[in-house]
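Enquirer: So that we are looking at the same thing, I have put the structure below in structure tokens.
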Amino acid sequence: MTALQRLWRTRIGRLTLVIGLVAMAQFALSGLLSAQVALPDAVTEQGEDIRALYLVIFAVGVIVFFIVEAMIIWVVFRYKRRSDDELPTQIGHNTTAEILWTGIPLVIVIVLFFASFFVLQDVQAGADEDDEVTVVDVQGRQWAWAFNYGTPLGTSLAEAVSNDPAETEIHLEDPSLVVPFMTLKLGIEHMRVVARTGDVVIVERAVNGTVPIRHSAGTEVMRSFNGTDTVAEGRLQAADNTPVLTVPIGQMIRFNIASADVLHAFYTPQFLTKLDAVPGRVQTLWVRITDPGVYESQCAEFCGRDHARMIYSVRALAQDEYDDWFENKAGSAPEPVEGDFGGEQEVEQEEGAVGNPVNGQNLFFAMGCNVCHGDQGEGLVGPTIAMTVVPLYRVVEQYREPLEAMTAFPPDQISDEEIADIYAWLQTVERPPVALEIPSKLAELIEAGG
Amino acid sequence: MATLAGAQTTPYAGANAWRVILEWLTTVDHKKIGIMYLWTAGAFGLVGMAFSLVMRTELAQTGTIISAETYNSIFTMHGSVMIFLFLLPVGAAFMNYSMPLQIGALDMAFPRINALSFWIFLFGGVLLTLSFAAEGGTASAGWTAYPPVTLDTASNAEPPGAGMDMWLVGVILLGQASIFGSINFLVTIFKMRAPGMTMWRLPLFTWTTLVTGLLILLSTPVLAAALVLGFIDRNGAEGAFFDPAAGGQPLLWQNLFWFYSHPAVYIMILPAMGIVSDVFGVFTRRPVFGYRSMVLALVAIGLLGFIVWAHHMFTTGGVFLPFFMGATFLIAVPTGVKMFNWIATMWRGSNIFPTAMLFSVGFLMLFLIGGITGVFHAAVPVDFALHDTYFVVGHFHYTMSIAATFGFLAGCYYWFPKMFGKFMNEGLGKLHFWLLFIGVNLVFFTQLMLGLDGMPRRINDYADNPGWELMNMLITIGAFVSAAGMMVFLYNVFYSLKWGERAGSDPWEGTTLEWATTSPPPAHNFDSLPEIRSERPLFDLRFGERLQDDPHYHVNGNGHGNGAGGVKTPSASAREEG
């Protein structure tokens, strides 16, 4: 009689076998599904460290699982009441055994703690001094992603700037390089240029979900541009297009992760890591991607109705391909604008010249401006344009050859006079009192602007 | 054994229906309140299970059947109902019913407050459920309700409606009920014990009640504070506490919320651990191994439970990681001690396996998987990969949901004869066990694998990645198998209430005092009590004489009688002297 047959003859033995079969079926199933019982291979250096740590814990876990499960099955199967008046041993404790099964797990978890601690230090170490670093400013919003990059503007701060968001006047070494609508990137903060009067550049602080921080004199000023590509089809129903994040392999990549509205999480499964986008904070995630490819990703922190559709792809390119992409995407520096722009005086001067605000209001909605700029021009994906201080001629230029992610409108779509009508209407609506950017209400419209 | 005998009492026999209803509505009897908690929580549990079936139907395949709003509302209410209206009150039900009996008390220390707790709980639960009728539906931001998505801020695209306020107020009420209940449990245990029932002679279920009571008392006010701040934020303060645009701090909510909700995990699992400890003690005829280390492990889990809350926030970027990682790893030690003690209790035992015992063994197996998968989350870098995926869903269901439910079901089968004077049907019980055991493993083990493959939680539709549809389908099948098991249980309850075999006062050869009175017990619980010289007075009564020459048998129990009021038998004294 085999052991199995003997096992099968008792009820408990049968139960044991069934449990065993269920467990084995689970493992077999997992094999069939090619869904690993281990984390999938990582495409980043940091992810490989995490995967190695996972495998250590997995090995310990599997050993502990089988030992303890075997003990449970053994005592269940082996020790059964044979007669009604049987009395088992009344041993109630055993100091040696108890010390052992307190001490051994303690040693195991201490070892695992240190293993995890060192891996943690490793994955959070960031770049060495001689590392080339690519910086991407990631912004989550309901329910899409924007990926902004910085390219040198060729100037720096002449005077320090405090972290007070009300301090909107900044001084640059060479203020002639800024133009209206340009987004400046100073460290982790983005600022949108509103006006320039003499040497003073007036900005809107902490746009794109970033936070106001202190900047010392001499800080390099970069020009920020939106490098979000899209692919036409979404992987999920109702996701019309998928934002694409483009990064190089081999370099250390620093993701500055921000949120414009609620909590999100930047999660690319193949990186084997994630970091929450917390409104009011800009957080840093470091990775060095080793394998080129396209990695499907999505938001991992519940963020409201369309959380499930807040997807993105990561496109990891070889360095030279990335450089080409970057150069193309960044474009050349915009043509300098002579003299002052913005400022109340100019608006007053032009007020007589502008058009019909009633027609402007109709056009504003007919042309779909409200989609990006909000029904009152208060700003959604696009900047706030209510009561704009930008001069009309610059607005017309913006329609024809837009800076930033706005669709171009040639004269056959909207005439200079019609633009003047919209401009007139925009002077009549009240600019909302919120200093910070008011973000998107409709994620799918994010792409409509560009 | 004269004290054990006694006629079946049916306290309201012959009373008309209105008087019975009035009696239950106005009762301050801890047993009736416990049974009302059990029925109410059971009903809410079925509602929560129905929600899970809706979710699993939606997720069985890619594509959507219900709208995203509906799905979000359903998963939020599944979590909220299961935690606040099922797991926590079922624990309260057993603590209410059994703890005063186990310590030989007449009732709880504050019977009226006990009734008040129940009615506040019921009101809060109804409020939470009624939010389906609110404009904009129920709360829909998960049971964790992380702001700012819960707030009506300028930047939130779809601010929730009145349902969110009803959720906040409902949970405040449930917390209030919990706080009242915990004070009641603590005072009862400290002040109402029968003569001879020293602290080291408390049955382990009573010990878990004590530690659970302390956890509730110390953590729930913090949750209440968070909920009140959340309510103010939504009604007047415009996000001043939790919305950064108004100067608030979203992570503050998470810290406050988890300062309660991590201990809450132990508030749910500890009573279940207490139940299986008692069940093992009875059906093995052995003392629960390492009684004192069991108690110390309990206390250690309770203490550590207060310094690990931020391990739910490892990916927020706002946590001092090494500390919370270390503290979280340490929890594996006392839980391991409990696991080995339970196994050692069965070792060389005279074990029988009625359904209560099967569920206790099932508890060990499920809790083992839950515990091991917990270690993965304790390791911060691995948690970076697994947080907010289905791995964490599988992990926490294995521990606080399914293991706890197995413990509570063991409690149902174990105490049903005491509550209603009848056995539950064993055949149906075993069918229930196997359907549920296979079903939940299919669900949650597959979820672990799905999480490793990177599927995030709380999504109503998923990408068509290799294997995902098949795994999701398996989970859905498992969910329906589990639900079938619970239907068998439901049928068993009603079947046994009507046709169940009559149980005497002590049908299981119990060891603790609740078995020293009739089934169901009279309103005043006990006519007389046996001598209490150990943590299992009825075992001493039944087998003490036969065992008096066994060198391992301490008539004063595992506490060795050094508690106040210990009484030594002549033979035991002689043994120690010699």
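By convention here, the chains of the structure tokens are called A, B, ... in the order presented, each chain's residues are numbered starting at 1, and ligands are numbered starting at 1 in the order presented.
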As JSON, numbers by chain, list the residues of stretch 2-227 of chain A assigned to strand (DSSP E or B) by DSSP on the backbone atoms of this structure.
Expert: {"A": [44, 133, 134, 135, 136, 137, 138, 139, 140, 141, 144, 145, 146, 147, 148, 149, 150, 151, 152, 153, 154, 155, 156, 157, 161, 169, 170, 171, 172, 183, 184, 185, 186, 189, 190, 191, 192, 193, 194, 195, 196, 197, 200, 201, 202, 203, 204, 205, 206, 207, 215, 220, 221, 222, 223, 224, 225, 226]}
Enquirer: Any chance you could tabulate, as a tab-separated table, the residues of chain B at most 7 Å from chain A with each one's nearest atom pair and distance in Å to one decimal, using only C-alpha atoms, in chain and rising number order?
Expert:
```
residue	atom	partner	partner_atom	distance
B:Gly63	CA	A:Gln237	CA	6.6
B:Ala68	CA	A:Arg305	CA	5.9
B:Glu69	CA	A:Arg305	CA	5.7
B:Ala141	CA	A:Gly304	CA	6.7
B:Pro148	CA	A:Val262	CA	5.2
B:Val149	CA	A:Val262	CA	5.5
B:Ser155	CA	A:Asp261	CA	5.1
B:Asn156	CA	A:Asp261	CA	5.9
B:Ala157	CA	A:Lys441	CA	5.0
B:Pro244	CA	A:Gly280	CA	5.2
B:Arg285	CA	A:Pro88	CA	6.8
B:Arg286	CA	A:Gln90	CA	5.6
B:Pro287	CA	A:Gly92	CA	5.6
B:Val288	CA	A:Gly92	CA	6.6
B:Phe289	CA	A:Gly92	CA	4.8
B:Gly290	CA	A:His93	CA	4.6
B:Thr315	CA	A:Leu275	CA	5.1
B:Thr316	CA	A:Asp276	CA	5.0
B:Gly317	CA	A:Gln283	CA	6.8
B:Pro322	CA	A:Phe117	CA	6.8
B:Gly326	CA	A:Phe113	CA	6.3
B:Phe329	CA	A:Val109	CA	5.8
B:Leu330	CA	A:Val109	CA	6.8
B:Val333	CA	A:Pro105	CA	5.7
B:Val337	CA	A:Thr102	CA	5.9
B:Ile343	CA	A:Ile72	CA	6.1
B:Met346	CA	A:Val75	CA	5.9
B:Trp347	CA	A:Val75	CA	5.3
B:Arg348	CA	A:Tyr79	CA	5.6
B:Gly349	CA	A:Pro88	CA	5.4
B:Ser350	CA	A:Arg81	CA	4.2
B:Asn351	CA	A:Lys80	CA	4.5
B:Ile352	CA	A:Arg81	CA	5.9
B:Met365	CA	A:Glu69	CA	6.8
B:Ile372	CA	A:Gly61	CA	5.9
B:Phe376	CA	A:Ile57	CA	6.7
B:Ala379	CA	A:Ser116	CA	5.5
B:Val380	CA	A:Ser116	CA	6.8
B:Pro381	CA	A:Leu120	CA	5.6
B:Val382	CA	A:Ile50	CA	5.8
B:Phe384	CA	A:Thr273	CA	4.6
B:Ala385	CA	A:Thr273	CA	4.3
B:Asp388	CA	A:Ala300	CA	6.1
B:Met449	CA	A:Val37	CA	6.1
B:Leu452	CA	A:Leu39	CA	5.3
B:Asp453	CA	A:Pro40	CA	6.6
B:Gly454	CA	A:Pro269	CA	5.4
B:Pro456	CA	A:Ala300	CA	5.7
B:Arg458	CA	A:Phe302	CA	6.6
B:Ile459	CA	A:Ala308	CA	4.6
B:Asn460	CA	A:Ala308	CA	6.2
B:Asp461	CA	A:Ala308	CA	6.3
B:Tyr462	CA	A:Leu236	CA	6.7
B:Ala463	CA	A:Leu236	CA	5.8
B:Gly467	CA	A:Leu33	CA	5.5
B:His552	CA	A:Ile91	CA	5.1
B:Tyr553	CA	A:Gln90	CA	5.3
B:Asn558	CA	A:Gly92	CA	6.3
```
Enquirer: Could you check which of B:Leu151, B:Leu53, B:Ala177, B:Ala17 is closest to B:Ala479, using only C-alpha atoms?
Expert: B:Leu53
Enquirer: As a PyMOL selection string, which residues of stretch 182-398 of chain A does DSSP assign to helix (DSSP H, G or I)?
Expert: chain A and resi 269-271+307-309+319-330+344-353+357-366+369-373+392-398
Enquirer: What does the file look like for those residues with N, CA and C atoms, as a tab-separated table (two decimals), in the first residue's frame?
Expert:
```tsv
chain	number	residue	atom	x	y	z
A	269	PRO	N	5.11	49.44	-15.20
A	269	PRO	CA	5.36	48.13	-14.59
A	269	PRO	C	6.76	47.59	-14.86
A	270	GLN	N	7.29	47.82	-16.07
A	270	GLN	CA	8.60	47.26	-16.39
A	270	GLN	C	9.74	47.94	-15.63
A	271	PHE	N	9.48	49.11	-15.05
A	271	PHE	CA	10.50	49.74	-14.20
A	271	PHE	C	10.51	49.11	-12.81
A	307	HIS	N	-9.86	57.10	-13.86
A	307	HIS	CA	-8.56	56.59	-13.39
A	307	HIS	C	-8.06	55.44	-14.28
A	308	ALA	N	-8.96	54.53	-14.63
A	308	ALA	CA	-8.55	53.35	-15.39
A	308	ALA	C	-8.04	53.71	-16.78
A	309	ARG	N	-8.41	54.89	-17.27
A	309	ARG	CA	-8.01	55.26	-18.63
A	309	ARG	C	-6.85	56.26	-18.63
A	319	GLN	N	20.53	56.50	-27.58
A	319	GLN	CA	20.93	57.89	-27.33
A	319	GLN	C	20.83	58.78	-28.58
A	320	ASP	N	21.36	58.28	-29.74
A	320	ASP	CA	21.37	59.15	-30.94
A	320	ASP	C	19.96	59.40	-31.44
A	321	GLU	N	19.09	58.36	-31.39
A	321	GLU	CA	17.70	58.55	-31.80
A	321	GLU	C	17.03	59.56	-30.88
A	322	TYR	N	17.33	59.44	-29.59
A	322	TYR	CA	16.73	60.36	-28.62
A	322	TYR	C	17.18	61.79	-28.92
A	323	ASP	N	18.48	61.96	-29.19
A	323	ASP	CA	19.00	63.30	-29.47
A	323	ASP	C	18.29	63.93	-30.66
A	324	ASP	N	18.09	63.10	-31.72
A	324	ASP	CA	17.37	63.60	-32.88
A	324	ASP	C	15.96	64.03	-32.50
A	325	TRP	N	15.28	63.14	-31.75
A	325	TRP	CA	13.91	63.44	-31.34
A	325	TRP	C	13.87	64.73	-30.53
A	326	PHE	N	14.83	64.87	-29.60
A	326	PHE	CA	14.84	66.02	-28.70
A	326	PHE	C	15.03	67.31	-29.49
A	327	GLU	N	15.99	67.27	-30.41
A	327	GLU	CA	16.30	68.47	-31.19
A	327	GLU	C	15.08	68.90	-31.99
A	328	ASN	N	14.43	67.92	-32.60
A	328	ASN	CA	13.26	68.18	-33.41
A	328	ASN	C	12.13	68.74	-32.56
A	329	LYS	N	11.94	68.14	-31.38
A	329	LYS	CA	10.82	68.51	-30.52
A	329	LYS	C	11.06	69.89	-29.90
A	330	ALA	N	12.28	70.13	-29.48
A	330	ALA	CA	12.57	71.40	-28.81
A	330	ALA	C	12.48	72.56	-29.79
A	344	GLU	N	-0.10	97.17	-18.42
A	344	GLU	CA	-1.43	97.75	-18.55
A	344	GLU	C	-1.46	98.92	-19.53
A	345	GLN	N	-0.39	99.68	-19.61
A	345	GLN	CA	-0.40	100.85	-20.49
A	345	GLN	C	-0.75	100.48	-21.92
A	346	GLU	N	-0.10	99.47	-22.40
A	346	GLU	CA	-0.31	99.09	-23.79
A	346	GLU	C	-1.74	98.65	-24.02
A	347	VAL	N	-2.29	97.93	-23.05
A	347	VAL	CA	-3.66	97.48	-23.22
A	347	VAL	C	-4.58	98.68	-23.34
A	348	GLU	N	-4.35	99.68	-22.48
A	348	GLU	CA	-5.19	100.86	-22.54
A	348	GLU	C	-5.07	101.55	-23.90
A	349	GLN	N	-3.83	101.61	-24.39
A	349	GLN	CA	-3.62	102.24	-25.69
A	349	GLN	C	-4.42	101.55	-26.78
A	350	GLU	N	-4.48	100.27	-26.70
A	350	GLU	CA	-5.09	99.54	-27.80
A	350	GLU	C	-6.59	99.40	-27.64
A	351	GLU	N	-7.12	99.78	-26.49
A	351	GLU	CA	-8.51	99.46	-26.22
A	351	GLU	C	-9.46	100.01	-27.27
A	352	GLY	N	-9.16	101.23	-27.76
A	352	GLY	CA	-10.04	101.81	-28.76
A	352	GLY	C	-10.04	101.04	-30.07
A	353	ALA	N	-8.95	100.36	-30.33
A	353	ALA	CA	-8.81	99.75	-31.64
A	353	ALA	C	-9.51	98.40	-31.75
A	357	PRO	N	-17.05	92.80	-28.95
A	357	PRO	CA	-16.96	91.73	-27.98
A	357	PRO	C	-18.08	90.68	-28.10
A	358	VAL	N	-19.26	91.08	-28.58
A	358	VAL	CA	-20.36	90.10	-28.69
A	358	VAL	C	-20.01	89.06	-29.75
A	359	ASN	N	-19.55	89.54	-30.88
A	359	ASN	CA	-19.11	88.63	-31.93
A	359	ASN	C	-17.93	87.80	-31.42
A	360	GLY	N	-17.05	88.43	-30.63
A	360	GLY	CA	-15.89	87.74	-30.09
A	360	GLY	C	-16.27	86.59	-29.21
A	361	GLN	N	-17.31	86.81	-28.40
A	361	GLN	CA	-17.74	85.73	-27.51
A	361	GLN	C	-18.25	84.54	-28.31
A	362	ASN	N	-19.04	84.83	-29.36
A	362	ASN	CA	-19.54	83.74	-30.20
A	362	ASN	C	-18.39	83.00	-30.85
A	363	LEU	N	-17.44	83.77	-31.38
A	363	LEU	CA	-16.30	83.15	-32.04
A	363	LEU	C	-15.48	82.30	-31.07
A	364	PHE	N	-15.35	82.80	-29.86
A	364	PHE	CA	-14.55	82.11	-28.85
A	364	PHE	C	-15.03	80.67	-28.66
A	365	PHE	N	-16.35	80.53	-28.65
A	365	PHE	CA	-16.90	79.18	-28.47
A	365	PHE	C	-16.95	78.43	-29.79
A	366	ALA	N	-17.25	79.15	-30.89
A	366	ALA	CA	-17.35	78.50	-32.19
A	366	ALA	C	-16.00	77.91	-32.61
A	369	CYS	N	-12.07	77.73	-28.57
A	369	CYS	CA	-11.01	78.24	-27.69
A	369	CYS	C	-11.27	77.83	-26.24
A	370	ASN	N	-12.59	77.76	-25.92
A	370	ASN	CA	-12.96	77.44	-24.54
A	370	ASN	C	-12.49	76.06	-24.12
A	371	VAL	N	-12.26	75.19	-25.12
A	371	VAL	CA	-11.86	73.82	-24.79
A	371	VAL	C	-10.57	73.81	-23.98
A	372	CYS	N	-9.61	74.64	-24.41
A	372	CYS	CA	-8.33	74.66	-23.70
A	372	CYS	C	-8.22	75.81	-22.71
A	373	HIS	N	-8.92	76.90	-23.00
A	373	HIS	CA	-8.73	78.09	-22.17
A	373	HIS	C	-9.87	78.32	-21.20
A	392	LEU	N	-2.28	93.05	-28.74
A	392	LEU	CA	-3.07	92.38	-29.78
A	392	LEU	C	-2.17	91.80	-30.87
A	393	TYR	N	-1.15	92.59	-31.28
A	393	TYR	CA	-0.34	92.08	-32.39
A	393	TYR	C	0.33	90.75	-32.03
A	394	ARG	N	0.69	90.61	-30.74
A	394	ARG	CA	1.31	89.35	-30.32
A	394	ARG	C	0.28	88.23	-30.31
A	395	VAL	N	-0.95	88.57	-29.97
A	395	VAL	CA	-2.01	87.56	-29.97
A	395	VAL	C	-2.23	87.05	-31.39
A	396	VAL	N	-2.25	88.00	-32.35
A	396	VAL	CA	-2.44	87.59	-33.74
A	396	VAL	C	-1.29	86.67	-34.16
A	397	GLU	N	-0.07	87.03	-33.76
A	397	GLU	CA	1.08	86.18	-34.09
A	397	GLU	C	0.93	84.78	-33.48
A	398	GLN	N	0.39	84.79	-32.27
A	398	GLN	CA	0.21	83.50	-31.58
A	398	GLN	C	-0.77	82.61	-32.35
```
Enquirer: So what do you get for atom CA of B:Asp29 versus atom CA of B:Gly48, distance-wise?
Expert: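 Calculated distance between atom CA of B:Asp29 and atom CA of B:Gly48 is 28.1 Å.
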Enquirer: Check the smallest atom-to-atom distance from each of B:Ala224, B:Met199, B:Leu358, B:Met166 to B:Ser131 using only C-alpha atoms, then report the winner.
Expert: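 Distance minimum relative to B:Ser131 lands on B:Met166.
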Enquirer: Near A:Ala160, counting only C-alpha atoms, which residues have an atom at most 8 Å away, once you skip same-chain residues fewer than 5 positions from it, shown as a list in words?
Expert: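 My list of contacting residues is Arg214, His215, Ser216, Ala217 and Gly218 of chain A.
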Enquirer: Report, in Å with one decimal, the straight-line distance from atom CA of B:Phe314 to atom CA of B:His387.
Expert: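 Atom CA of B:His387 lies at a distance of 8.2 Å from atom CA of B:Phe314.
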Enquirer: Using only C-alpha atoms, pick whichever of A:Ile419, A:Gln376, A:Asp291, A:Gly227 has the shortest atom-to-atom distance to A:Gly331.
Expert: A:Gly227
Enquirer: List the neighbours of A:Gly339 out to 8 Å using only C-alpha atoms; skip same-chain residues closer than 2 positions along the sequence, and give me the result as JSON, numbers by chain.
Expert: {"A": [198, 337, 341]}
Enquirer: Give me, please, the distance in Å between atom CA of A:Thr96 and atom CA of B:Arg536, quoted to one decimal.
Expert: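 Interatomic distance here is 24.4 Å.
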